[in-house]
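protein_34.cif follows (mmCIF, C-alpha atoms):
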data_query
#
loop_
_atom_site.label_atom_id
_atom_site.label_comp_id
_atom_site.auth_asym_id
_atom_site.auth_seq_id
_atom_site.Cartn_x
_atom_site.Cartn_y
_atom_site.Cartn_z
CA MET M 1 -2.98 14.94 -34.08
CA ASN M 2 0.22 12.99 -33.28
CA LYS M 3 0.56 11.69 -29.73
CA PRO M 4 3.58 12.83 -27.68
CA PHE M 5 6.66 10.70 -28.24
CA LEU M 6 8.52 10.47 -24.93
CA GLY M 7 6.61 10.14 -21.69
CA LEU M 8 8.46 10.30 -18.38
CA ALA M 9 7.14 8.40 -15.32
CA LEU M 10 8.61 9.66 -12.03
CA GLY M 11 8.06 7.41 -9.03
CA GLY M 12 7.49 8.41 -5.42
CA GLY M 13 9.90 8.20 -2.52
CA GLY M 14 9.93 11.39 -0.43
CA ALA M 15 13.49 12.69 0.02
CA ARG M 16 14.71 10.10 -2.50
CA GLY M 17 13.00 12.28 -5.11
CA ALA M 18 16.24 14.29 -5.17
CA ALA M 19 17.60 11.52 -7.41
CA HIS M 20 15.01 12.57 -10.03
CA ILE M 21 16.75 15.96 -10.23
CA GLY M 22 20.08 14.35 -11.12
CA VAL M 23 18.43 12.16 -13.76
CA LEU M 24 16.65 15.16 -15.30
CA GLN M 25 19.91 17.10 -15.45
CA GLU M 26 21.60 14.33 -17.42
CA LEU M 27 18.62 13.95 -19.78
CA HIS M 28 18.62 17.72 -20.30
CA GLN M 29 22.33 17.85 -21.10
CA ALA M 30 21.95 14.91 -23.50
CA GLY M 31 19.28 16.83 -25.40
CA ILE M 32 16.54 14.28 -24.71
CA GLN M 33 13.17 16.01 -25.08
CA ILE M 34 10.37 15.11 -22.69
CA ASP M 35 6.88 15.50 -24.15
CA LEU M 36 4.68 14.27 -21.30
CA ILE M 37 5.23 13.68 -17.58
CA ALA M 38 3.40 11.52 -15.04
CA GLY M 39 4.34 11.77 -11.39
CA THR M 40 3.50 10.16 -8.09
CA SER M 41 4.18 11.85 -4.73
CA ALA M 42 7.77 13.20 -4.79
CA GLY M 43 7.86 12.38 -8.49
CA SER M 44 4.84 14.60 -9.07
CA ILE M 45 6.52 17.54 -7.31
CA ILE M 46 9.86 17.25 -9.14
CA GLY M 47 7.99 16.51 -12.38
CA ALA M 48 5.80 19.60 -12.00
CA MET M 49 8.83 21.77 -11.26
CA TYR M 50 10.41 20.53 -14.48
CA ALA M 51 7.17 20.85 -16.46
CA ALA M 52 6.93 24.46 -15.30
CA SER M 53 10.55 25.47 -15.87
CA THR M 54 12.18 22.86 -18.20
CA ASP M 55 15.34 23.69 -16.24
CA PRO M 56 16.58 20.90 -13.93
CA PHE M 57 19.43 23.06 -12.62
CA TRP M 58 16.94 25.67 -11.44
CA ILE M 59 15.08 22.84 -9.66
CA GLU M 60 18.22 21.92 -7.70
CA ASP M 61 18.92 25.54 -6.75
CA HIS M 62 15.33 26.20 -5.76
CA PHE M 63 15.13 23.01 -3.71
CA ARG M 64 18.24 24.07 -1.79
CA LYS M 65 16.55 27.38 -0.98
CA PHE M 66 13.49 25.43 0.14
CA MET M 67 15.53 23.32 2.57
CA GLU M 68 16.74 26.53 4.25
CA SER M 69 13.24 28.00 4.45
CA ASP M 70 10.54 28.06 7.13
CA ALA M 71 8.34 26.01 4.77
CA PHE M 72 10.80 23.12 5.06
CA GLU M 73 11.06 23.40 8.83
CA GLY M 74 7.33 22.70 9.05
CA LEU M 75 7.97 19.20 7.70
CA ARG M 76 11.54 18.50 8.73
CA SER M 77 11.09 17.90 12.45
CA ARG M 78 8.37 15.25 12.08
CA ARG M 79 10.23 11.92 12.00
CA MET M 80 7.73 9.81 13.90
CA LEU M 81 7.51 7.14 11.23
CA ASP M 82 11.22 6.50 10.75
CA ASP M 83 11.65 2.72 10.51
CA ARG M 84 15.40 2.30 10.78
CA ASN M 85 16.87 0.02 13.40
CA PRO M 86 18.19 1.82 16.51
CA ASP M 87 21.74 1.09 17.60
CA SER M 88 22.14 2.12 21.22
CA VAL M 89 20.17 0.97 24.24
CA LEU M 90 18.81 4.48 24.70
CA ASP M 91 17.74 4.54 21.05
CA GLN M 92 15.93 1.24 21.52
CA ILE M 93 14.10 2.55 24.59
CA ALA M 94 13.17 5.75 22.78
CA LYS M 95 11.92 3.70 19.85
CA LYS M 96 9.64 1.59 22.05
CA VAL M 97 8.17 4.76 23.57
CA LYS M 98 7.75 6.26 20.12
CA ASP M 99 6.04 3.14 18.72
CA HIS M 100 3.67 3.05 21.69
CA TYR M 101 2.87 6.74 21.19
CA VAL M 102 2.19 6.26 17.47
CA VAL M 103 -0.22 3.37 18.17
CA MET M 104 -2.10 5.33 20.85
CA MET M 105 -2.26 8.43 18.69
CA GLY M 106 -3.36 6.40 15.69
CA LEU M 107 -6.47 5.26 17.55
CA ASN M 108 -7.65 8.84 17.86
CA ARG M 109 -6.26 10.70 14.85
CA GLU M 110 -6.15 10.20 11.08
CA SER M 111 -2.65 11.67 10.67
CA ILE M 112 0.40 13.02 12.48
CA VAL M 113 0.38 16.38 10.68
CA LYS M 114 -2.29 18.45 8.98
CA SER M 115 -2.03 19.15 5.26
CA GLY M 116 -1.12 22.81 5.84
CA PRO M 117 2.68 22.34 6.17
CA LEU M 118 2.75 20.19 3.03
CA ARG M 119 0.70 22.78 1.11
CA ARG M 120 3.05 25.57 2.19
CA ALA M 121 6.06 23.51 1.12
CA ILE M 122 4.62 22.75 -2.31
CA SER M 123 3.52 26.36 -2.80
CA PHE M 124 7.09 27.47 -2.09
CA LEU M 125 8.51 24.99 -4.61
CA MET M 126 6.08 25.66 -7.47
CA PRO M 127 6.62 28.66 -9.76
CA VAL M 128 3.07 28.24 -11.15
CA LYS M 129 -0.28 27.38 -9.59
CA ASN M 130 -2.33 25.80 -12.40
CA PHE M 131 -1.84 23.01 -14.92
CA ASN M 132 -2.44 25.34 -17.87
CA GLU M 133 0.70 27.28 -16.92
CA LEU M 134 2.96 24.26 -17.42
CA LYS M 135 5.23 24.07 -20.46
CA ILE M 136 4.96 20.27 -20.60
CA PRO M 137 1.68 18.36 -20.09
CA MET M 138 1.53 16.66 -16.69
CA LYS M 139 -0.47 13.88 -15.05
CA VAL M 140 -0.49 13.77 -11.24
CA LEU M 141 -1.45 10.54 -9.43
CA ALA M 142 -3.29 10.15 -6.12
CA THR M 143 -5.30 7.33 -4.51
CA ASP M 144 -8.84 7.33 -3.13
CA LEU M 145 -8.91 4.87 -0.23
CA GLN M 146 -12.73 4.82 -0.22
CA SER M 147 -13.20 3.74 -3.84
CA CYS M 148 -9.75 2.04 -4.04
CA GLU M 149 -9.20 3.81 -7.37
CA ASP M 150 -6.39 5.83 -8.92
CA LEU M 151 -7.09 9.52 -9.36
CA ILE M 152 -5.42 11.29 -12.28
CA PHE M 153 -5.21 15.08 -12.20
CA GLU M 154 -4.19 16.94 -15.37
CA SER M 155 -6.12 20.23 -15.26
CA GLY M 156 -7.18 22.88 -12.77
CA ASN M 157 -5.35 23.69 -9.54
CA LEU M 158 -1.85 22.19 -9.64
CA ILE M 159 -1.07 22.81 -5.96
CA ASN M 160 -4.17 20.92 -4.80
CA ALA M 161 -3.27 17.98 -7.04
CA LEU M 162 0.31 17.82 -5.75
CA VAL M 163 -0.83 17.96 -2.11
CA LYS M 164 -3.18 15.04 -2.74
CA SER M 165 -0.49 13.06 -4.54
CA SER M 166 2.00 13.61 -1.70
CA SER M 167 -0.18 12.99 1.37
CA ILE M 168 1.62 10.02 2.91
CA PRO M 169 -1.04 7.83 4.62
CA GLY M 170 -1.00 8.16 8.38
CA PHE M 171 1.55 10.97 8.26
CA VAL M 172 -0.25 13.73 6.32
CA GLN M 173 -3.96 14.42 6.66
CA PRO M 174 -6.00 12.93 3.77
CA SER M 175 -8.18 15.20 1.62
CA GLY M 176 -11.46 14.83 -0.21
CA ASN M 177 -15.19 15.23 0.40
CA GLU M 178 -17.59 13.07 2.43
CA THR M 179 -17.24 10.15 0.01
CA GLU M 180 -13.47 10.42 -0.61
CA LEU M 181 -10.31 9.73 1.37
CA ILE M 182 -7.49 10.88 -0.90
CA VAL M 183 -3.88 10.03 -0.13
CA ASP M 184 -0.45 9.59 -1.73
CA GLY M 185 -0.55 8.12 -5.23
CA GLY M 186 2.20 5.72 -4.20
CA VAL M 187 -0.41 3.57 -2.46
CA SER M 188 -1.84 2.32 -5.74
CA MET M 189 0.65 3.41 -8.44
CA PRO M 190 4.11 4.14 -7.01
CA ILE M 191 5.60 4.34 -10.50
CA PRO M 192 2.96 5.85 -12.83
CA VAL M 193 3.79 3.97 -16.02
CA PRO M 194 0.23 2.75 -16.79
CA VAL M 195 -1.19 6.28 -17.14
CA LEU M 196 1.28 6.97 -19.95
CA GLN M 197 0.44 3.81 -21.88
CA GLY M 198 -1.46 4.75 -25.03
CA ASN M 199 -0.64 8.43 -24.50
CA CYS M 200 2.93 8.43 -25.84
CA GLU M 201 5.22 6.32 -28.04
CA PHE M 202 8.07 5.71 -25.59
CA ILE M 203 7.89 5.45 -21.79
CA LEU M 204 10.92 6.22 -19.66
CA ALA M 205 10.50 5.39 -15.97
CA VAL M 206 12.68 6.52 -13.07
CA ASP M 207 12.45 4.16 -10.10
CA ILE M 208 13.72 5.63 -6.80
CA SER M 209 12.40 2.83 -4.62
CA ARG M 210 14.03 1.73 -1.39
CA TYR M 211 15.12 -1.76 -2.41
CA TYR M 212 17.66 -2.22 0.37
CA LEU M 213 15.73 -2.64 3.61
CA GLY M 214 18.34 -4.06 5.95
CA THR M 215 17.79 -6.67 8.64
CA LEU M 216 15.10 -6.40 11.30
CA ASN M 217 16.62 -6.92 14.74
CA ASN M 218 14.15 -8.15 17.35
CA PRO M 219 11.23 -6.55 15.47
CA ASN M 220 8.02 -5.56 17.20
CA MET M 221 4.53 -5.78 15.75
CA ILE M 222 4.68 -2.37 14.06
CA GLU M 223 7.99 -3.12 12.36
CA ILE M 224 6.72 -6.48 11.08
CA LEU M 225 3.56 -4.90 9.68
CA LYS M 226 5.54 -2.12 8.00
CA ARG M 227 8.05 -4.54 6.52
CA ALA M 228 5.26 -6.75 5.13
CA ASP M 229 3.67 -3.70 3.53
CA MET M 230 7.01 -2.64 2.04
CA VAL M 231 7.59 -6.07 0.50
CA THR M 232 4.19 -5.88 -1.21
CA SER M 233 4.94 -2.35 -2.41
CA LEU M 234 8.33 -3.36 -3.84
CA ARG M 235 6.74 -6.20 -5.78
CA LEU M 236 4.21 -3.75 -7.24
CA LYS M 237 6.96 -1.31 -8.19
CA SER M 238 8.91 -4.04 -9.93
CA GLU M 239 5.87 -5.05 -11.98
CA LEU M 240 5.06 -1.44 -12.91
CA SER M 241 8.65 -0.83 -14.05
CA LYS M 242 8.44 -3.75 -16.47
CA LYS M 243 5.69 -1.92 -18.37
CA ALA M 244 8.10 0.91 -19.35
CA ASP M 245 10.29 0.88 -22.48
CA PHE M 246 13.30 1.93 -20.43
CA VAL M 247 14.01 2.23 -16.71
CA ILE M 248 16.60 4.28 -14.85
CA LYS M 249 17.11 3.10 -11.29
CA PRO M 250 19.37 5.38 -9.19
CA ASP M 251 21.04 3.99 -6.08
CA THR M 252 18.95 5.43 -3.26
CA LEU M 253 21.05 3.71 -0.57
CA GLY M 254 18.03 2.25 1.19
CA LEU M 255 17.26 5.71 2.54
CA HIS M 256 14.06 6.52 4.40
CA TRP M 257 11.63 8.97 2.77
CA SER M 258 12.52 11.60 5.40
CA ASP M 259 16.30 11.58 4.83
CA PHE M 260 16.54 15.05 3.24
CA HIS M 261 20.04 15.52 4.66
CA GLN M 262 21.23 13.13 1.92
CA PHE M 263 20.09 15.55 -0.83
CA ASP M 264 23.56 16.00 -2.40
CA THR M 265 24.27 12.27 -2.52
CA LEU M 266 20.88 11.48 -4.04
CA VAL M 267 21.23 14.13 -6.77
CA ALA M 268 24.71 12.79 -7.57
CA ASN M 269 23.44 9.19 -7.67
CA GLY M 270 20.66 10.23 -10.04
CA LYS M 271 23.24 11.75 -12.37
CA THR M 272 25.43 8.66 -12.18
CA ALA M 273 22.58 6.26 -12.95
CA ALA M 274 21.43 8.31 -15.96
CA ARG M 275 24.95 8.89 -17.27
CA LYS M 276 25.72 5.17 -17.24
CA CYS M 277 22.81 4.32 -19.55
CA ILE M 278 22.33 7.52 -21.54
CA GLU M 279 23.81 6.13 -24.78
CA GLN M 280 21.70 2.99 -24.54
CA LEU M 281 18.64 5.15 -23.89
CA LYS M 282 19.34 7.36 -26.91
CA SER M 283 19.79 4.26 -29.06
CA GLU M 284 16.43 2.87 -27.91
CA ILE M 285 14.73 6.21 -28.53
CA ASP M 286 16.20 6.43 -32.05
CA ARG M 287 15.16 2.86 -32.81
CA LYS M 288 11.58 3.35 -31.69
CA ASN M 289 11.35 6.74 -33.39
CA SER M 290 12.62 5.42 -36.74
CA LEU M 291 10.38 5.24 -39.79
CA PHE M 292 11.23 1.53 -40.19
CA TYR M 293 10.03 0.72 -36.66
CA LYS M 294 6.85 2.74 -37.11
CA MET M 295 6.08 1.05 -40.41
CA LYS M 296 6.69 -2.35 -38.85
CA GLN M 297 4.32 -1.54 -35.99
CA TRP M 298 1.69 -0.22 -38.39
CA LEU M 299 1.82 -3.37 -40.54
CA SER M 300 1.80 -5.83 -37.64
#
Translate this structure into structure tokens?
Amino acid sequence: MNKPFLGLALGGGGARGAAHIGVLQELHQAGIQIDLIAGTSAGSIIGAMYAASTDPFWIEDHFRKFMESDAFEGLRSRRMLDDRNPDSVLDQIAKKVKDHYVVMMGLNRESIVKSGPLRRAISFLMPVKNFNELKIPMKVLATDLQSCEDLIFESGNLINALVKSSSIPGFVQPSGNETELIVDGGVSMPIPVPVLQGNCEFILAVDISRYYLGTLNNPNMIEILKRADMVTSLRLKSELSKKADFVIKPDTLGLHWSDFHQFDTLVANGKTAARKCIEQLKSEIDRKNSLFYKMKQWLS
């Protein structure tokens, strides 16, 4: 049995996942067929919506309906972990109070919100409930903090897998049994290229990382810790991207994962990034799919 040719790796990034929609729309219009998808966090949700429908324009329409729904309201008002720099004096005071509250709460709770609102949101977005209902095979990534291992879900209950993959540490309640502590796949594999290696001939990655972080002004301890963690994460993302055959990197404007109000801009930026490199991508796909290339690889 021949392995799938084109595998698509969709990285995590919360609201920045809207850029994935724009990229998928351009790939769809260019006639580029996707044979296998791997997704982390937001990438797993958008990837599963595409794997279920194969229609990126339906994804955009359905996501707009979601953002007007009660399911979205359950997540929208929780912005406790926003790490942008405040401008006004009142904002700075409010931020100090908020940071103090988060620290105190963190000593007594494992998360800010339960997993219920996230589950309701994902259930609203998904037209199917199980992996075997998908039209394109899908691998969903999560991380077990107890074993420090990647978890790859590709069968069974799709909703459960997506909830696990999208449970942002400290923000959404972890899942798992007595020996597991399962959180967002972005902790260990923010761009899931490695799970596609050996499972397809050509890996296309979409990196929606927040590379522009801005300047920290009079940072406190929490901000310094978060920035240090983000630097480590960005280095990991850069290394993972290098493992792909081709990378599309939309401009995500340095947006925070909770900036859903920038949906239109992110979709447009995803389209722009894909459109700029679509001919180069098609050329690379044709080259690697050619009989000459395959013979050369077989003989080497």
- Task: Expand the PyMOL selection byres ((chain M and resi 138) around 10) into the individual residues it matches in the shown file, reporting them as a PyMOL selection string.
- Result: chain M and resi 7-8+35-39+44+47-48+50-52+131-132+134-137+139-141+152-155+158
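Take the PyMOL selection byres ((chain M and resi 15) around 10) and apply it to this file: it picks Gly12, Gly13, Gly14, Arg16, Gly17, Ala18, Ala19, Ala42, Ile208, Thr252, Leu255, His256, Trp257, Ser258, Asp259, Phe260, His261, Gln262, Phe263 and Leu266 of chain M.
Distances from M:Pro250, M:Pro127, M:Phe171, M:Ser188 to Ala273 in chain M were compared using all atoms listed in the file, and the smallest one belongs to M:Pro250.
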Give me, as a Markdown table, the closest atom pair and its distance (Å, one decimal) for every residue of range 20-68 of chain M within a cut-off of 9 Å of range 201-206 of chain M, counting only C-alpha atoms, rows sorted by chain and rising number.
| residue | atom | partner | partner_atom | distance |
| --- | --- | --- | --- | --- |
| M:His20 | CA | M:Val206 | CA | 7.2 |
| M:Val23 | CA | M:Val206 | CA | 8.1 |
| M:Gly43 | CA | M:Val206 | CA | 8.9 |
Can you spit out the residues from that selection as a tab-separated table (two decimals), in the frame of the given file, using C-alpha atoms?
chain	number	residue	atom	x	y	z
M	20	HIS	CA	15.01	12.57	-10.03
M	23	VAL	CA	18.43	12.16	-13.76
M	43	GLY	CA	7.86	12.38	-8.49
Excluding range 241-248 of chain M and residues on its chain fewer than 5 positions from it, collect all residues at most 12 Å away from it, counting only C-alpha atoms, and give them as a compact mmCIF listing (two decimals) with C-alpha atoms, in the coordinates of the input.
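Saved file around_8.txt follows:
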# COMPACT_ATOMS: atom_id res chain seq x y z
CA PHE M 5 6.66 10.70 -28.24
CA LEU M 6 8.52 10.47 -24.93
CA GLY M 7 6.61 10.14 -21.69
CA LEU M 8 8.46 10.30 -18.38
CA ALA M 9 7.14 8.40 -15.32
CA LEU M 10 8.61 9.66 -12.03
CA GLY M 11 8.06 7.41 -9.03
CA ALA M 19 17.60 11.52 -7.41
CA HIS M 20 15.01 12.57 -10.03
CA GLY M 22 20.08 14.35 -11.12
CA VAL M 23 18.43 12.16 -13.76
CA LEU M 24 16.65 15.16 -15.30
CA GLU M 26 21.60 14.33 -17.42
CA LEU M 27 18.62 13.95 -19.78
CA MET M 189 0.65 3.41 -8.44
CA PRO M 190 4.11 4.14 -7.01
CA ILE M 191 5.60 4.34 -10.50
CA PRO M 192 2.96 5.85 -12.83
CA VAL M 193 3.79 3.97 -16.02
CA PRO M 194 0.23 2.75 -16.79
CA VAL M 195 -1.19 6.28 -17.14
CA LEU M 196 1.28 6.97 -19.95
CA GLN M 197 0.44 3.81 -21.88
CA GLY M 198 -1.46 4.75 -25.03
CA CYS M 200 2.93 8.43 -25.84
CA GLU M 201 5.22 6.32 -28.04
CA PHE M 202 8.07 5.71 -25.59
CA ILE M 203 7.89 5.45 -21.79
CA LEU M 204 10.92 6.22 -19.66
CA ALA M 205 10.50 5.39 -15.97
CA VAL M 206 12.68 6.52 -13.07
CA ASP M 207 12.45 4.16 -10.10
CA ILE M 208 13.72 5.63 -6.80
CA SER M 209 12.40 2.83 -4.62
CA LEU M 234 8.33 -3.36 -3.84
CA ARG M 235 6.74 -6.20 -5.78
CA LEU M 236 4.21 -3.75 -7.24
CA ASN M 269 23.44 9.19 -7.67
CA GLY M 270 20.66 10.23 -10.04
CA LYS M 271 23.24 11.75 -12.37
CA THR M 272 25.43 8.66 -12.18
CA ALA M 273 22.58 6.26 -12.95
CA ALA M 274 21.43 8.31 -15.96
CA ARG M 275 24.95 8.89 -17.27
CA LYS M 276 25.72 5.17 -17.24
CA CYS M 277 22.81 4.32 -19.55
CA ILE M 278 22.33 7.52 -21.54
CA GLN M 280 21.70 2.99 -24.54
CA LEU M 281 18.64 5.15 -23.89
CA LYS M 282 19.34 7.36 -26.91
CA SER M 283 19.79 4.26 -29.06
CA GLU M 284 16.43 2.87 -27.91
CA ILE M 285 14.73 6.21 -28.53
CA ARG M 287 15.16 2.86 -32.81
CA LYS M 288 11.58 3.35 -31.69
- Item | Closest of M:Gly156, M:Glu149, M:Asp144, M:Gly214 to Gly176 in chain M - atom-to-atom distances counting only C-alpha atoms |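 Ranked by minimum distance to Gly176 in chain M, first place goes to M:Asp144.
Across the model, the gap from CA of Ser175 in chain M to CA of Arg119 in chain M is 11.7 Å.
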- Query: What is the CA of Ile45 in chain M to CA of Met230 in chain M distance in Å?
  - Reply: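 One can read the CA of Ile45 in chain M to CA of Met230 in chain M distance as 22.2 Å.
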Size and centre in Å, one decimal, axis-aligned box, all listed range 204-213 of chain M atoms plus 4 Å per side, as JSON:
{"center_x": 14.1, "center_y": 1.9, "center_z": -8.0, "size_x": 15.2, "size_y": 17.2, "size_z": 31.3}
- Item | Computed interatomic separation between CA of Thr215 in chain M and CA of Lys237 in chain M (Å) |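 Going from CA of Thr215 in chain M over to CA of Lys237 in chain M covers 20.7 Å.
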- Message: Could you check the closest approach to Leu151 in chain M for each of M:Leu213, M:Leu181, M:Ala268, M:Leu253 and tell me which residue wins, using all atoms listed in the file?
- Response: M:Leu181
- Query: Got a sec: who's within 10 Å of Phe57 in chain M, counting all atoms listed in the file, leaving out chain neighbours fewer than 2 positions off, as a VMD selection string?
  - Reply: chain M and resid 21 to 22 24 to 25 28 50 53 to 55 59 to 63
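Remark: for Gln173 in chain M, the closest of the candidate residues M:Asn157, M:Ser123, M:Asn220, M:Ser115 is M:Ser115 (distances computed over all atoms listed in the file).
Nearest-residue note for Arg210 in chain M: choosing from M:Leu240, M:Gly254, M:Ser233, M:Glu180, the minimum distance belongs to M:Gly254, counting only C-alpha atoms.
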- Pick out the closest residue to Met67 in chain M from this set: M:Leu125, M:Ile159, M:Ala228, M:Met221. Count all atoms listed in the file. M:Leu125
